[in-house]
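S.K.: Below you'll find start_17.cif; it's mmCIF, C-alpha atoms and all ligand atoms.
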data_final
loop_
_atom_site.group_PDB
_atom_site.id
_atom_site.type_symbol
_atom_site.label_atom_id
_atom_site.label_comp_id
_atom_site.auth_asym_id
_atom_site.auth_seq_id
_atom_site.Cartn_x
_atom_site.Cartn_y
_atom_site.Cartn_z
ATOM 1 C CA MET A 1 16.197 7.119 -22.097
ATOM 2 C CA ARG A 2 14.500 5.926 -25.321
ATOM 3 C CA LEU A 3 11.126 7.559 -25.953
ATOM 4 C CA ASP A 4 9.288 4.211 -26.203
ATOM 5 C CA ARG A 5 10.697 3.099 -22.862
ATOM 6 C CA TYR A 6 9.875 6.467 -21.265
ATOM 7 C CA LEU A 7 6.223 6.140 -22.313
ATOM 8 C CA ALA A 8 5.991 2.467 -21.344
ATOM 9 C CA GLU A 9 7.482 3.145 -17.915
ATOM 10 C CA ALA A 10 5.070 6.020 -17.481
ATOM 11 C CA GLY A 11 2.261 3.474 -17.852
ATOM 12 C CA LYS A 12 1.114 4.485 -21.351
ATOM 13 C CA GLY A 13 1.176 0.941 -22.705
ATOM 14 C CA THR A 14 3.482 -1.938 -23.507
ATOM 15 C CA ARG A 15 6.616 -1.255 -25.579
ATOM 16 C CA SER A 16 4.829 -2.368 -28.785
ATOM 17 C CA GLU A 17 1.691 -0.361 -27.947
ATOM 18 C CA VAL A 18 3.662 2.822 -27.373
ATOM 19 C CA LYS A 19 5.612 2.292 -30.620
ATOM 20 C CA LYS A 20 2.254 2.415 -32.439
ATOM 21 C CA ILE A 21 1.257 5.521 -30.486
ATOM 22 C CA ILE A 22 4.534 7.199 -31.496
ATOM 23 C CA ALA A 23 4.117 6.140 -35.153
ATOM 24 C CA GLY A 24 0.626 7.653 -35.008
ATOM 25 C CA ARG A 25 2.232 11.102 -34.494
ATOM 26 C CA ARG A 26 0.587 11.516 -31.097
ATOM 27 C CA VAL A 27 3.757 12.224 -29.140
ATOM 28 C CA SER A 28 5.772 15.433 -28.991
ATOM 29 C CA VAL A 29 8.985 16.336 -27.208
ATOM 30 C CA ASN A 30 9.421 20.032 -26.448
ATOM 31 C CA SER A 31 6.515 20.814 -28.801
ATOM 32 C CA THR A 32 7.929 18.920 -31.811
ATOM 33 C CA ILE A 33 6.221 15.717 -32.984
ATOM 34 C CA VAL A 34 8.643 12.799 -32.699
ATOM 35 C CA THR A 35 8.076 9.585 -34.671
ATOM 36 C CA ASP A 36 11.337 7.804 -33.798
ATOM 37 C CA PRO A 37 10.744 5.422 -30.850
ATOM 38 C CA GLY A 38 14.493 5.427 -30.175
ATOM 39 C CA TYR A 39 14.618 9.226 -29.701
ATOM 40 C CA LYS A 40 16.627 9.953 -26.563
ATOM 41 C CA VAL A 41 14.593 11.781 -23.917
ATOM 42 C CA LYS A 42 16.282 13.682 -21.093
ATOM 43 C CA GLU A 43 14.119 12.744 -18.121
ATOM 44 C CA GLY A 44 13.237 15.691 -15.983
ATOM 45 C CA ALA A 45 14.416 18.197 -18.633
ATOM 46 C CA ASP A 46 12.372 17.426 -21.776
ATOM 47 C CA LEU A 47 8.618 18.035 -21.942
ATOM 48 C CA VAL A 48 6.975 14.916 -23.354
ATOM 49 C CA MET A 49 3.331 15.240 -24.388
ATOM 50 C CA LEU A 50 0.875 12.557 -25.485
ATOM 51 C CA ASP A 51 -2.254 13.917 -27.164
ATOM 52 C CA GLU A 52 -1.582 17.350 -25.618
ATOM 53 C CA THR A 53 -1.178 15.991 -22.077
ATOM 54 C CA ALA A 54 2.193 16.096 -20.348
ATOM 55 C CA VAL A 55 3.563 12.646 -19.528
ATOM 56 C CA ARG A 56 5.160 12.761 -16.128
ATOM 57 C CA PHE A 57 8.049 10.488 -15.467
ATOM 58 C CA GLU A 58 8.421 8.889 -12.080
ATOM 59 C CA THR A 59 10.609 5.945 -11.282
ATOM 60 C CA VAL A 60 9.129 5.347 -7.840
ATOM 61 C CA GLU A 61 5.805 6.428 -6.407
ATOM 62 C CA TYR A 62 4.506 6.267 -2.840
ATOM 63 C CA PHE A 63 0.881 6.631 -1.782
ATOM 64 C CA MET A 64 -0.965 6.401 1.516
ATOM 65 C CA LEU A 65 -4.382 4.791 1.012
ATOM 66 C CA ASN A 66 -7.193 4.558 3.531
ATOM 67 C CA LYS A 67 -8.314 1.156 2.340
ATOM 68 C CA PRO A 68 -12.088 0.792 2.422
ATOM 69 C CA GLN A 69 -13.878 -2.467 3.167
ATOM 70 C CA GLY A 70 -14.721 -4.677 0.178
ATOM 71 C CA VAL A 71 -11.484 -4.051 -1.717
ATOM 72 C CA ILE A 72 -8.742 -6.650 -1.930
ATOM 73 C CA SER A 73 -5.044 -6.101 -1.218
ATOM 74 C CA ALA A 74 -3.803 -7.474 -4.519
ATOM 75 C CA THR A 75 -2.612 -6.116 -7.853
ATOM 76 C CA LYS A 76 -4.423 -6.347 -11.145
ATOM 77 C CA ASP A 77 -2.567 -9.377 -12.444
ATOM 78 C CA LEU A 78 -3.303 -11.497 -9.364
ATOM 79 C CA ARG A 79 -6.930 -10.677 -8.760
ATOM 80 C CA ASP A 80 -10.137 -12.348 -9.720
ATOM 81 C CA LYS A 81 -11.362 -9.883 -12.386
ATOM 82 C CA SER A 82 -14.694 -9.255 -10.650
ATOM 83 C CA GLN A 83 -12.962 -7.795 -7.580
ATOM 84 C CA THR A 84 -11.706 -4.261 -7.081
ATOM 85 C CA CYS A 85 -8.129 -4.193 -5.898
ATOM 86 C CA VAL A 86 -6.352 -1.484 -3.948
ATOM 87 C CA THR A 87 -4.234 -0.279 -6.869
ATOM 88 C CA ASP A 88 -7.441 0.392 -8.878
ATOM 89 C CA LEU A 89 -8.272 3.113 -6.349
ATOM 90 C CA ILE A 90 -5.111 5.118 -7.165
ATOM 91 C CA THR A 91 -6.456 6.858 -10.242
ATOM 92 C CA ASP A 92 -3.629 9.338 -10.864
ATOM 93 C CA LYS A 93 -0.746 6.907 -10.643
ATOM 94 C CA VAL A 94 1.975 7.211 -13.245
ATOM 95 C CA ARG A 95 3.550 3.806 -12.812
ATOM 96 C CA GLY A 96 1.850 0.605 -13.864
ATOM 97 C CA ASP A 97 3.784 -1.571 -11.422
ATOM 98 C CA LEU A 98 2.405 -0.410 -8.057
ATOM 99 C CA PHE A 99 1.576 -2.899 -5.309
ATOM 100 C CA PRO A 100 0.458 -2.755 -1.666
ATOM 101 C CA VAL A 101 3.069 -3.108 1.090
ATOM 102 C CA GLY A 102 1.567 -6.096 2.872
ATOM 103 C CA ARG A 103 -2.068 -7.037 3.037
ATOM 104 C CA LEU A 104 -5.204 -6.086 4.870
ATOM 105 C CA ASP A 105 -8.195 -8.442 4.838
ATOM 106 C CA LYS A 106 -11.044 -7.578 2.479
ATOM 107 C CA ASP A 107 -13.165 -6.396 5.442
ATOM 108 C CA THR A 108 -10.317 -4.441 7.130
ATOM 109 C CA GLU A 109 -9.974 -0.690 6.651
ATOM 110 C CA GLY A 110 -7.106 1.672 7.105
ATOM 111 C CA LEU A 111 -3.537 2.496 6.305
ATOM 112 C CA LEU A 112 -1.966 0.790 3.334
ATOM 113 C CA ILE A 113 1.171 1.993 1.578
ATOM 114 C CA ILE A 114 1.052 1.590 -2.190
ATOM 115 C CA THR A 115 4.348 1.823 -4.045
ATOM 116 C CA ASN A 116 6.616 0.188 -6.589
ATOM 117 C CA ASP A 117 9.653 0.483 -4.286
ATOM 118 C CA GLY A 118 10.424 -3.189 -3.775
ATOM 119 C CA ASP A 119 13.351 -2.548 -1.413
ATOM 120 C CA LEU A 120 11.251 -0.446 0.927
ATOM 121 C CA ALA A 121 8.436 -3.019 0.902
ATOM 122 C CA HIS A 122 10.881 -5.806 1.610
ATOM 123 C CA ARG A 123 12.372 -3.932 4.564
ATOM 124 C CA MET A 124 8.977 -3.020 6.024
ATOM 125 C CA LEU A 125 7.649 -6.555 5.739
ATOM 126 C CA SER A 126 10.765 -8.437 6.802
ATOM 127 C CA PRO A 127 9.939 -10.436 9.958
ATOM 128 C CA LYS A 128 13.383 -9.503 11.295
ATOM 129 C CA LYS A 129 12.605 -5.774 11.214
ATOM 130 C CA HIS A 130 9.569 -6.050 13.529
ATOM 131 C CA VAL A 131 7.831 -2.968 12.165
ATOM 132 C CA ASP A 132 5.074 -1.878 14.591
ATOM 133 C CA LYS A 133 1.516 -1.917 13.259
ATOM 134 C CA THR A 134 -1.275 -0.372 15.325
ATOM 135 C CA TYR A 135 -4.912 -1.332 14.789
ATOM 136 C CA TYR A 136 -8.163 0.033 16.163
ATOM 137 C CA VAL A 137 -10.300 -2.965 17.110
ATOM 138 C CA GLU A 138 -13.936 -3.445 18.081
ATOM 139 C CA LEU A 139 -14.997 -6.727 19.652
ATOM 140 C CA ASP A 140 -18.295 -8.572 19.983
ATOM 141 C CA GLY A 141 -18.112 -8.343 23.784
ATOM 142 C CA ARG A 142 -16.044 -7.187 26.735
ATOM 143 C CA LEU A 143 -12.371 -8.102 26.832
ATOM 144 C CA GLU A 144 -11.444 -9.289 30.333
ATOM 145 C CA GLU A 145 -8.214 -7.891 31.728
ATOM 146 C CA ALA A 146 -6.788 -11.398 32.172
ATOM 147 C CA ASP A 147 -7.420 -12.132 28.477
ATOM 148 C CA ALA A 148 -5.784 -8.847 27.449
ATOM 149 C CA GLU A 149 -2.760 -9.872 29.570
ATOM 150 C CA ARG A 150 -2.619 -13.292 27.859
ATOM 151 C CA ILE A 151 -2.660 -11.685 24.424
ATOM 152 C CA MET A 152 -0.017 -9.114 25.406
ATOM 153 C CA ALA A 153 2.306 -11.828 26.711
ATOM 154 C CA GLY A 154 2.151 -13.707 23.373
ATOM 155 C CA ILE A 155 -0.602 -16.205 22.641
ATOM 156 C CA ASP A 156 -1.001 -19.527 20.841
ATOM 157 C CA ILE A 157 -3.058 -18.934 17.683
ATOM 158 C CA GLY A 158 -2.475 -22.380 16.237
ATOM 159 C CA ASP A 159 0.836 -21.637 14.480
ATOM 160 C CA ALA A 160 4.169 -23.314 15.206
ATOM 161 C CA LYS A 161 5.054 -20.456 17.583
ATOM 162 C CA PRO A 162 2.952 -18.197 19.813
ATOM 163 C CA THR A 163 2.673 -14.557 18.801
ATOM 164 C CA LEU A 164 5.322 -12.095 19.981
ATOM 165 C CA PRO A 165 4.481 -9.874 22.954
ATOM 166 C CA CYS A 166 2.355 -6.886 21.964
ATOM 167 C CA GLU A 167 0.612 -3.861 23.507
ATOM 168 C CA ILE A 168 -3.081 -3.341 24.116
ATOM 169 C CA ASN A 169 -4.649 -0.044 25.191
ATOM 170 C CA MET A 170 -8.296 -0.384 26.111
ATOM 171 C CA LEU A 171 -10.550 2.455 24.915
ATOM 172 C CA THR A 172 -13.850 1.024 26.178
ATOM 173 C CA GLY A 173 -14.655 -2.493 27.420
ATOM 174 C CA GLN A 174 -14.902 -3.728 23.853
ATOM 175 C CA SER A 175 -12.824 -1.350 21.766
ATOM 176 C CA LEU A 176 -9.066 -0.980 21.934
ATOM 177 C CA LEU A 177 -5.793 -0.226 20.192
ATOM 178 C CA ILE A 178 -3.382 -3.100 19.647
ATOM 179 C CA THR A 179 0.215 -2.800 18.428
ATOM 180 C CA ILE A 180 1.802 -5.906 16.947
ATOM 181 C CA ARG A 181 5.203 -6.424 15.335
ATOM 182 C CA GLU A 182 4.415 -9.347 13.072
ATOM 183 C CA GLY A 183 2.161 -9.751 10.083
ATOM 184 C CA ARG A 184 0.722 -13.239 10.221
ATOM 185 C CA TYR A 185 -2.370 -14.235 8.269
ATOM 186 C CA HIS A 186 -5.523 -12.810 9.967
ATOM 187 C CA GLN A 187 -3.299 -12.227 12.982
ATOM 188 C CA VAL A 188 -5.355 -9.740 14.974
ATOM 189 C CA LYS A 189 -8.612 -11.624 14.450
ATOM 190 C CA ARG A 190 -6.975 -14.900 15.478
ATOM 191 C CA MET A 191 -5.430 -13.357 18.617
ATOM 192 C CA PHE A 192 -8.856 -12.334 19.890
ATOM 193 C CA GLN A 193 -10.468 -15.587 18.752
ATOM 194 C CA ALA A 194 -7.924 -17.368 20.945
ATOM 195 C CA VAL A 195 -9.631 -15.796 23.990
ATOM 196 C CA GLY A 196 -13.151 -16.356 22.675
ATOM 197 C CA ARG A 197 -13.839 -12.928 21.169
ATOM 198 C CA ASN A 198 -14.651 -11.973 17.570
ATOM 199 C CA VAL A 199 -13.376 -8.823 15.902
ATOM 200 C CA THR A 200 -16.315 -6.840 14.523
ATOM 201 C CA ALA A 201 -14.333 -3.869 13.151
ATOM 202 C CA LEU A 202 -10.647 -3.571 12.310
ATOM 203 C CA ARG A 203 -8.778 -0.500 11.085
ATOM 204 C CA ARG A 204 -5.016 -0.050 10.755
ATOM 205 C CA ILE A 205 -4.002 3.367 11.964
ATOM 206 C CA SER A 206 -0.222 3.223 11.806
ATOM 207 C CA MET A 207 2.641 1.274 10.307
ATOM 208 C CA GLY A 208 6.172 2.009 11.460
ATOM 209 C CA PRO A 209 6.554 5.802 11.618
ATOM 210 C CA LEU A 210 3.568 6.446 9.350
ATOM 211 C CA THR A 211 0.126 7.336 10.741
ATOM 212 C CA LEU A 212 -3.091 7.302 8.731
ATOM 213 C CA ASP A 213 -3.955 10.855 7.675
ATOM 214 C CA PRO A 214 -7.257 11.687 9.466
ATOM 215 C CA ASP A 215 -8.349 13.734 6.424
ATOM 216 C CA LEU A 216 -8.521 10.595 4.282
ATOM 217 C CA GLU A 217 -11.982 9.040 4.157
ATOM 218 C CA PRO A 218 -12.116 5.284 3.409
ATOM 219 C CA GLY A 219 -11.140 4.997 -0.277
ATOM 220 C CA GLY A 220 -9.187 8.277 -0.120
ATOM 221 C CA TYR A 221 -5.474 8.484 -0.788
ATOM 222 C CA ARG A 222 -2.624 10.937 -1.222
ATOM 223 C CA ARG A 223 1.021 10.880 -2.197
ATOM 224 C CA LEU A 224 3.454 10.498 0.695
ATOM 225 C CA THR A 225 5.428 13.647 1.449
ATOM 226 C CA GLU A 226 9.206 13.682 0.984
ATOM 227 C CA GLN A 227 9.517 13.732 4.760
ATOM 228 C CA GLU A 228 7.318 10.643 5.165
ATOM 229 C CA ILE A 229 9.297 8.778 2.495
ATOM 230 C CA GLU A 230 12.551 9.655 4.280
ATOM 231 C CA MET A 231 11.103 8.461 7.610
ATOM 232 C CA LEU A 232 10.092 5.146 6.077
ATOM 233 C CA LYS A 233 13.482 4.657 4.451
ATOM 234 C CA SER A 234 15.349 5.316 7.661
HETATM 235 N N1 LIG A 301 -4.951 -8.760 11.273
HETATM 236 C C1 LIG A 301 -6.090 -9.282 10.745
HETATM 237 O O1 LIG A 301 -6.684 -10.190 11.301
HETATM 238 N N2 LIG A 301 -6.531 -8.761 9.599
HETATM 239 C C2 LIG A 301 -5.938 -7.744 8.942
HETATM 240 O O2 LIG A 301 -6.412 -7.301 7.894
HETATM 241 C C3 LIG A 301 -4.772 -7.203 9.512
HETATM 242 C C4 LIG A 301 -4.296 -7.732 10.691
#
Here is a file; write its structure as structure tokens.
Ligand code: URA
M.R.:
Amino acid sequence: MRLDRYLAEAGKGTRSEVKKIIAGRRVSVNSTIVTDPGYKVKEGADLVMLDETAVRFETVEYFMLNKPQGVISATKDLRDKSQTCVTDLITDKVRGDLFPVGRLDKDTEGLLIITNDGDLAHRMLSPKKHVDKTYYVELDGRLEEADAERIMAGIDIGDAKPTLPCEINMLTGQSLLITIREGRYHQVKRMFQAVGRNVTALRRISMGPLTLDPDLEPGGYRRLTEQEIEMLKS
């Protein structure tokens, strides 16, 4: 791969920015300064350094983020500049093209996968795949058993179709776990609103085979393990 492309794909700047960096004699390959932007780098074999720091090359990256409240599920280019977006929280990313797999509301916490693997995201979000998503929910009052039954059977939330059947496991009278297989706009909040209850806290704890790592505080993240990536892909 050309050196300028290698650096651009590693998030070091646009193609023209990295050409200037290379011309400025700031880049070395295997300890020799290289000033030709077309120099052919062997990814994974050559050691590329920018200002004495190794430039890792990754084509795809996968992170598990415990999204905190107050942060929006968007990428830099789409956000209102005054808002922090989820990809801003991943400070040691290599790639500049990461995005969240699906969205959580600004006031929702919990599991969000951040990647640049478009195929994986597409498969996980496809309505046909029905990927299970489990949320911890707190309500502003007791949920009656009959209302839980109505929600579990599939409920009208004002869309063309009612929601698909889902599971609810009560924890206390007003906190519960709910597992849904769709990803409609504000879906969980609207399901409880349909029976006259408001959601006061919402946290996603699993998505498909992936469960939120309990060691991650809100705002914390880590790379997915090879095993987790394989599980998601299969
Ligand atoms: N359902 C909601 O209402 N909000 C979310 O953020 C996720 C699911």
S.K.: Which residues of chain A come within 8 Å of ligand LIG 301 (chain A), and what is each one's closest atom pair and distance in Å (one decimal), counting all atoms listed in the file, sorted by chain and residue number, as CSV?
M.R.:
residue,atom,partner,partner_atom,distance
A:Arg103,CA,A:LIG301,O2,6.5
A:Leu104,CA,A:LIG301,O2,3.5
A:Asp105,CA,A:LIG301,O2,3.7
A:Lys106,CA,A:LIG301,O2,7.1
A:Asp107,CA,A:LIG301,O2,7.2
A:Thr108,CA,A:LIG301,O2,4.9
A:Glu109,CA,A:LIG301,O2,7.6
A:Tyr135,CA,A:LIG301,C4,7.6
A:Gly183,CA,A:LIG301,C4,6.8
A:Arg184,CA,A:LIG301,N1,7.3
A:Tyr185,CA,A:LIG301,O1,6.6
A:His186,CA,A:LIG301,O1,3.2
A:Gln187,CA,A:LIG301,N1,4.2
A:Val188,CA,A:LIG301,N1,3.8
A:Lys189,CA,A:LIG301,O1,4.0
A:Arg190,CA,A:LIG301,O1,6.3
A:Leu202,CA,A:LIG301,C2,7.1
A:Arg203,CA,A:LIG301,O2,7.9
A:Arg204,CA,A:LIG301,C3,7.3
S.K.: In Å, rounded to a single decimal, give me how far atom CA of Lys233 of chain A is from atom CA of Asp119 of chain A.
M.R.: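 Interatomic distance, atom CA of Asp119 of chain A to atom CA of Lys233 of chain A: 9.3 Å.
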S.K.: So how far away is atom CA of Ile72 of chain A from atom CA of Gly158 of chain A, in Å?
M.R.: 24.8 Å
S.K.: Using all atoms listed in the file for the distances, tell me which of A:Gly219, A:Glu43, A:Thr35, A:Gly24 is nearest to Met1 of chain A.
M.R.: A:Glu43
S.K.: Counting only C-alpha atoms, write as a VMD selection string all protein and nucleic acid residues lying at most 10 Å from (1.8, 12.3, -5.7) in the file's frame.
M.R.: chain A and resid 58 61 to 64 92 to 94 221 to 225
S.K.: Output the selection as a tab-separated table (two decimals), in the frame of the given file - C-alpha atoms for each residue.
M.R.:
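New file out_26.tsv:
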chain	number	residue	atom	x	y	z
A	58	GLU	CA	8.42	8.89	-12.08
A	61	GLU	CA	5.80	6.43	-6.41
A	62	TYR	CA	4.51	6.27	-2.84
A	63	PHE	CA	0.88	6.63	-1.78
A	64	MET	CA	-0.96	6.40	1.52
A	92	ASP	CA	-3.63	9.34	-10.86
A	93	LYS	CA	-0.75	6.91	-10.64
A	94	VAL	CA	1.98	7.21	-13.24
A	221	TYR	CA	-5.47	8.48	-0.79
A	222	ARG	CA	-2.62	10.94	-1.22
A	223	ARG	CA	1.02	10.88	-2.20
A	224	LEU	CA	3.45	10.50	0.70
A	225	THR	CA	5.43	13.65	1.45
S.K.: From the set A:Ile113, A:Ile180, A:Val55, A:Ala194, which residue has the shortest atom-to-atom contact distance to Leu210 of chain A, counting all atoms listed in the file?
M.R.: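 Checking each candidate against Leu210 of chain A, we get A:Ile113 as the closest.
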S.K.: My list of candidates is A:Glu217, A:Glu138, A:Asp51, A:Asp4. Which is closest to Pro68 of chain A when distances are computed with only C-alpha atoms?
M.R.: A:Glu217
S.K.: How many Å lie between atom CA of Val41 of chain A and atom CA of Arg5 of chain A, rounded to one decimal?
M.R.: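 Atom-to-atom, atom CA of Val41 of chain A and atom CA of Arg5 of chain A are spaced 9.6 Å apart.
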S.K.: Could you state which residues are captured by the PyMOL selection byres (((chain A and resi 212) around 8) and not hetatm) in this file, as a ChimeraX atom specification?
M.R.: /A:64,66,110-111,204-206,210-211,213-214,216
S.K.: From the list A:Ser234, A:Thr53, A:Ser126, A:Ser175, which residue is nearest Lys12 of chain A when using all atoms listed in the file?
M.R.: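 Among the listed residues, the smallest separation from Lys12 of chain A belongs to A:Thr53.
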S.K.: Which polymer residues have any atom within 6 Å of an atom of Arg95 of chain A, counting all atoms listed in the file, with same-chain residues fewer than 2 positions away left out, as a PyMOL selection string?
M.R.: chain A and resi 10-11+93+97
S.K.: Evaluate the PyMOL selection byres (((chain A and resi 85) around 7) and not hetatm) against this structure - the residues, as a list in words, please.
M.R.: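 In the shown coordinates, the PyMOL selection byres (((chain A and resi 85) around 7) and not hetatm) covers Val71, Ile72, Ser73, Ala74, Thr75, Lys76, Gln83, Thr84, Val86, Thr87 and Asp88 of chain A.
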S.K.: Which residues match the PyMOL selection byres (((chain A and resi 48) around 6) and not hetatm) in the file above, as a compact mmCIF listing (two decimals) with C-alpha atoms, in the coordinates of the input?
M.R.:
# COMPACT_ATOMS: atom_id res chain seq x y z
CA SER A 28 5.77 15.43 -28.99
CA VAL A 29 8.98 16.34 -27.21
CA LEU A 47 8.62 18.04 -21.94
CA MET A 49 3.33 15.24 -24.39
CA ALA A 54 2.19 16.10 -20.35
CA VAL A 55 3.56 12.65 -19.53
S.K.: Quick one: segment 105-122 of chain A with C-alpha atoms, as a PDB file, in the first residue's frame?
M.R.:
ATOM      1  CA  ASP A 105     -31.196   8.058  22.902  1.00  0.00           C
ATOM      2  CA  LYS A 106     -29.129  10.868  24.402  1.00  0.00           C
ATOM      3  CA  ASP A 107     -30.420   9.979  27.898  1.00  0.00           C
ATOM      4  CA  THR A 108     -29.977   6.185  27.460  1.00  0.00           C
ATOM      5  CA  GLU A 109     -26.898   4.413  28.799  1.00  0.00           C
ATOM      6  CA  GLY A 110     -25.314   1.119  27.989  1.00  0.00           C
ATOM      7  CA  LEU A 111     -23.953  -1.164  25.346  1.00  0.00           C
ATOM      8  CA  LEU A 112     -23.071   0.346  22.007  1.00  0.00           C
ATOM      9  CA  ILE A 113     -20.807  -1.287  19.442  1.00  0.00           C
ATOM     10  CA  ILE A 114     -18.534   1.159  17.646  1.00  0.00           C
ATOM     11  CA  THR A 115     -16.898  -0.050  14.448  1.00  0.00           C
ATOM     12  CA  ASN A 116     -16.215   0.722  10.812  1.00  0.00           C
ATOM     13  CA  ASP A 117     -17.389  -2.743   9.705  1.00  0.00           C
ATOM     14  CA  GLY A 118     -20.365  -1.760   7.581  1.00  0.00           C
ATOM     15  CA  ASP A 119     -21.334  -5.356   6.750  1.00  0.00           C
ATOM     16  CA  LEU A 120     -21.528  -6.347  10.395  1.00  0.00           C
ATOM     17  CA  ALA A 121     -23.555  -3.233  11.256  1.00  0.00           C
ATOM     18  CA  HIS A 122     -25.919  -3.892   8.389  1.00  0.00           C
TER      19      HIS A 122
END
